Structure formats: structure tokens, C-alpha cells
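Before any comments, here is the structure.
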Amino acid sequence: MAIVHKLFSDEEEKKAYEKIDYQLIAIHSTLEDYRLAYYINQNLPINLQKGQCNIQISNKEGETQFTRFFFEDSKDIAWNLVQNQNDLFVPSQNSNQGLFAESNNKFSTKIYLIPEFKKVDYFLKIENGEVKIDVSKITNSIKKIKRVSTVYAVEVEKIKSKNNLIF
């Protein structure tokens, strides 16, 4: 993998390069991912489908995958529904003796796509490019879904781990 360094002639060119062209909506819900995608499809004029490839994140504990539901509409707006938390099963170091010496214990730890938002269950990423999107209308539509407790827009500029949203 090559490392690319980009040189900018002025600050304006740098800002244009770093421009964020997507909206991010946080969703708190106890629904399974496929059920949430189904209900979002019912309340918005989109058709989210499970993606062929999941999003892989690796850190010091290990590597995990986050499910992704994807839809691209006729206006070239890409919709991504991604889970924010997933369990990683880590085998324990066996220091038992006697009766439980042969047991294989596994402990789970939570891995987050965006660690700054540990309470968020799902993110809806809307890549809109130049098209204007009414985020408040979308959040109000998602709020109507039963078993969705909270929905709100996230200021992407303030997220430290926004590289995890590049997919």
C-alpha cells in the first residue's frame, strides 16, 4: 500500500479538498439491522439492501465487521445504514487448574465504528455531493418508526475518527 502526500498551493485549495460531502444521522434503536432497514425503506423513498461487503475495522483488541445496507437513488445520492457497535470475542488466557483447566472461555468486548458516539446504535450516512438534502425531514420520518428512541444529525466536522466513515 502506497502512502500519498498531497501538497496544496494555498489554504483555499486545502479546504476544498477536505470538504465533507455527506450528512450523518445517528439512530438509537433496539431493532435488528435488517428490521431497521426495512422500516426506513417504508418511511423514506429509498430501498436499502444489504451490501455485499461489510465494513472492516481493526484495532488493538482485534478485527470485526460492521453490516452495511446501501442504496443509490436516481439523483446519485448514496444512502448507507451502518451499525455502530459490534461484539468481538476474545479467547481468555487459560490460567485455571484442576476441574476447569480444559475449559475454553471467550470474553466479548464492544468495538465501535465511531468511538465518540458509544451510545449510538446505527448511523445513516447520506453522500449527497452537490444535491441539497433536508436532514430534518429525514430525521422526522425516522422518528416515526416504533422502537426508535432518538434520531439526530451529527456534526461530521467534530468527529475525530471520521476516517472510519470512508467506505
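By order of appearance in the C-alpha cells: chains A, B, ..., then residues from 1 within every chain, and ligands from 1 in the order shown.
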
- request: For A:Leu81, list every protein, DNA or RNA residue within 8 Å, evaluated using only C-alpha atoms, and leave out those in the same chain fewer than 6 positions away; present the list as number ranges by chain.
  value: A: 37, 48, 68-70, 122-125

Atoms kept (N, CA, C and O atoms) for selection, written as a PDB file, in the first residue's frame:
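The result, written out as selection38.pdb:
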```
ATOM      1  N   ALA A  37     -33.613  -1.335   8.590  1.00  0.00           N
ATOM      2  CA  ALA A  37     -33.522  -1.009   7.159  1.00  0.00           C
ATOM      3  C   ALA A  37     -34.886  -1.136   6.501  1.00  0.00           C
ATOM      4  O   ALA A  37     -35.272  -0.295   5.680  1.00  0.00           O
ATOM      5  N   LEU A  48     -33.070   0.440   0.807  1.00  0.00           N
ATOM      6  CA  LEU A  48     -31.812  -0.073   1.358  1.00  0.00           C
ATOM      7  C   LEU A  48     -31.751  -1.578   1.197  1.00  0.00           C
ATOM      8  O   LEU A  48     -32.732  -2.283   1.455  1.00  0.00           O
ATOM      9  N   ARG A  68     -23.644  -3.394   6.569  1.00  0.00           N
ATOM     10  CA  ARG A  68     -23.925  -2.182   5.810  1.00  0.00           C
ATOM     11  C   ARG A  68     -25.090  -2.439   4.872  1.00  0.00           C
ATOM     12  O   ARG A  68     -25.115  -3.444   4.159  1.00  0.00           O
ATOM     13  N   PHE A  69     -26.057  -1.525   4.891  1.00  0.00           N
ATOM     14  CA  PHE A  69     -27.166  -1.539   3.954  1.00  0.00           C
ATOM     15  C   PHE A  69     -26.998  -0.327   3.057  1.00  0.00           C
ATOM     16  O   PHE A  69     -26.707   0.769   3.542  1.00  0.00           O
ATOM     17  N   PHE A  70     -27.178  -0.512   1.744  1.00  0.00           N
ATOM     18  CA  PHE A  70     -26.801   0.509   0.773  1.00  0.00           C
ATOM     19  C   PHE A  70     -27.922   0.741  -0.234  1.00  0.00           C
ATOM     20  O   PHE A  70     -28.633  -0.183  -0.615  1.00  0.00           O
ATOM     21  N   TYR A 122     -26.893   2.928  15.345  1.00  0.00           N
ATOM     22  CA  TYR A 122     -26.726   2.927  13.891  1.00  0.00           C
ATOM     23  C   TYR A 122     -26.447   4.342  13.399  1.00  0.00           C
ATOM     24  O   TYR A 122     -26.838   5.321  14.029  1.00  0.00           O
ATOM     25  N   PHE A 123     -25.776   4.403  12.260  1.00  0.00           N
ATOM     26  CA  PHE A 123     -25.576   5.668  11.564  1.00  0.00           C
ATOM     27  C   PHE A 123     -26.165   5.550  10.168  1.00  0.00           C
ATOM     28  O   PHE A 123     -25.992   4.523   9.499  1.00  0.00           O
ATOM     29  N   LEU A 124     -26.848   6.592   9.743  1.00  0.00           N
ATOM     30  CA  LEU A 124     -27.306   6.701   8.367  1.00  0.00           C
ATOM     31  C   LEU A 124     -26.443   7.765   7.708  1.00  0.00           C
ATOM     32  O   LEU A 124     -26.514   8.947   8.053  1.00  0.00           O
ATOM     33  N   LYS A 125     -25.588   7.322   6.799  1.00  0.00           N
ATOM     34  CA  LYS A 125     -24.675   8.226   6.089  1.00  0.00           C
ATOM     35  C   LYS A 125     -25.272   8.509   4.726  1.00  0.00           C
ATOM     36  O   LYS A 125     -25.553   7.581   3.961  1.00  0.00           O
TER      37      LYS A 125
END
```

For this session: Find, counting only C-alpha atoms, the residue in A:Ala78, A:Ile133, A:Ile114, A:Leu88 that gets nearest to A:Ile46.
Result: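 Nearest to A:Ile46: A:Ala78.
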
Please provide the set of residues having any atom within 12 Å of A:Gly62, restricted to only C-alpha atoms, with same-chain residues fewer than 3 positions apart removed, written as an mmCIF file with N, CA, C and O atoms, in the first residue's frame.
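Heads up, here's the output in part20.cif:
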```cif
data_model
loop_
_atom_site.group_PDB
_atom_site.id
_atom_site.type_symbol
_atom_site.label_atom_id
_atom_site.label_comp_id
_atom_site.auth_asym_id
_atom_site.auth_seq_id
_atom_site.Cartn_x
_atom_site.Cartn_y
_atom_site.Cartn_z
ATOM 1 N N GLN A 56 -14.852 -3.347 7.556
ATOM 2 C CA GLN A 56 -13.921 -3.973 8.487
ATOM 3 C C GLN A 56 -13.156 -2.913 9.260
ATOM 4 O O GLN A 56 -12.645 -1.959 8.674
ATOM 5 N N ILE A 57 -13.108 -3.110 10.568
ATOM 6 C CA ILE A 57 -12.358 -2.226 11.454
ATOM 7 C C ILE A 57 -11.446 -3.095 12.300
ATOM 8 O O ILE A 57 -11.869 -4.113 12.834
ATOM 9 N N SER A 58 -10.197 -2.693 12.408
ATOM 10 C CA SER A 58 -9.285 -3.429 13.276
ATOM 11 C C SER A 58 -8.634 -2.447 14.253
ATOM 12 O O SER A 58 -8.348 -1.309 13.913
ATOM 13 N N ASN A 59 -8.455 -2.922 15.461
ATOM 14 C CA ASN A 59 -7.770 -2.136 16.479
ATOM 15 C C ASN A 59 -6.930 -3.073 17.324
ATOM 16 O O ASN A 59 -6.720 -4.230 16.946
ATOM 17 N N GLN A 65 -16.329 -6.795 11.830
ATOM 18 C CA GLN A 65 -17.035 -6.289 10.657
ATOM 19 C C GLN A 65 -18.364 -5.682 11.083
ATOM 20 O O GLN A 65 -19.031 -6.194 11.976
ATOM 21 N N ASN A 86 -20.323 -3.517 17.595
ATOM 22 C CA ASN A 86 -20.285 -4.937 17.310
ATOM 23 C C ASN A 86 -19.453 -5.608 18.400
ATOM 24 O O ASN A 86 -18.558 -4.996 18.977
ATOM 25 N N ASP A 87 -19.756 -6.868 18.656
ATOM 26 C CA ASP A 87 -19.013 -7.625 19.666
ATOM 27 C C ASP A 87 -17.818 -8.308 19.028
ATOM 28 O O ASP A 87 -17.903 -8.827 17.920
ATOM 29 N N LEU A 88 -16.715 -8.320 19.755
ATOM 30 C CA LEU A 88 -15.516 -9.044 19.358
ATOM 31 C C LEU A 88 -15.240 -10.063 20.450
ATOM 32 O O LEU A 88 -15.126 -9.702 21.624
ATOM 33 N N PHE A 89 -15.184 -11.336 20.070
ATOM 34 C CA PHE A 89 -14.944 -12.389 21.048
ATOM 35 C C PHE A 89 -13.449 -12.665 21.139
ATOM 36 O O PHE A 89 -12.805 -12.973 20.145
ATOM 37 N N VAL A 90 -12.943 -12.536 22.357
ATOM 38 C CA VAL A 90 -11.521 -12.700 22.621
ATOM 39 C C VAL A 90 -11.338 -13.928 23.502
ATOM 40 O O VAL A 90 -11.973 -14.024 24.552
ATOM 41 N N PRO A 91 -10.500 -14.889 23.107
ATOM 42 C CA PRO A 91 -10.270 -16.041 23.985
ATOM 43 C C PRO A 91 -9.499 -15.610 25.233
ATOM 44 O O PRO A 91 -8.613 -14.765 25.169
ATOM 45 N N SER A 108 -16.347 -11.224 25.464
ATOM 46 C CA SER A 108 -16.658 -10.300 24.378
ATOM 47 C C SER A 108 -16.357 -8.871 24.817
ATOM 48 O O SER A 108 -16.507 -8.511 25.979
ATOM 49 N N THR A 109 -15.926 -8.100 23.857
ATOM 50 C CA THR A 109 -15.683 -6.682 24.062
ATOM 51 C C THR A 109 -16.365 -5.933 22.917
ATOM 52 O O THR A 109 -16.497 -6.464 21.814
ATOM 53 N N LYS A 110 -16.818 -4.749 23.187
ATOM 54 C CA LYS A 110 -17.506 -3.944 22.171
ATOM 55 C C LYS A 110 -16.485 -3.163 21.354
ATOM 56 O O LYS A 110 -15.555 -2.571 21.891
ATOM 57 N N ILE A 111 -16.694 -3.176 20.048
ATOM 58 C CA ILE A 111 -15.911 -2.372 19.121
ATOM 59 C C ILE A 111 -16.889 -1.386 18.485
ATOM 60 O O ILE A 111 -18.006 -1.752 18.118
#
```

Judged by only C-alpha atoms, the minimum distance to A:Thr67 among A:Lys50, A:Lys158, A:Lys132, A:His28 is found for A:Lys50

If you run DSSP on this backbone, which residues of stretch 104-147 of chain A come out as helix (DSSP H, G or I), and could you give them as a PyMOL selection string? chain A and resi 115-117+135-143

message: Counting only C-alpha atoms, which residue out of A:Asn128, A:Gln85, A:Ser29, A:Asn163 sits closest to A:Ile142?
response: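 So, comparing all the options, the nearest one is A:Ser29.
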
Atom CA of A:Thr139 to atom CA of A:Ala26 measures 9.1 Å

- Name all residues at most 10 Å from A:Glu127 (count only C-alpha atoms; drop same-chain ones fewer than 6 positions away) and give them as a VMD selection string. chain A and resid 20 to 24 72 76 to 80 133

(request) Return the single residue from A:Ile27, A:Ser74, A:Phe66, A:Ala153 that is closest to A:Gly51, with distances computed using only C-alpha atoms. (result)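 Going through A:Ile27, A:Ser74, A:Phe66, A:Ala153 one by one, the smallest distance to A:Gly51 is for A:Phe66.
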
Report, in Å to a single decimal, how far apart atom CA of A:Val156 and atom CA of A:Lys137 are.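 So the answer is 18.5 Å.
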
Taking into account only C-alpha atoms, which residue in the set A:Ile159, A:Leu165, A:Ile126, A:Val148 is nearest to A:Tyr39?
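Checking each of A:Ile159, A:Leu165, A:Ile126, A:Val148 against A:Tyr39, counting only C-alpha atoms, the winner is A:Val148.
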
Taken to one decimal, the atom CA of A:Tyr112-atom CA of A:Cys53 distance is 17.8 Å

inquiry  = Give me the residues near A:Ser161 as a list in words, where near means some atom within 9 Å (using only C-alpha atoms) and where sequence neighbours in that chain fewer than 5 positions away do not count.
reply    =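 Listing them by chain and then by number gives Leu113, Ile114, Pro115 and Glu116 of chain A.
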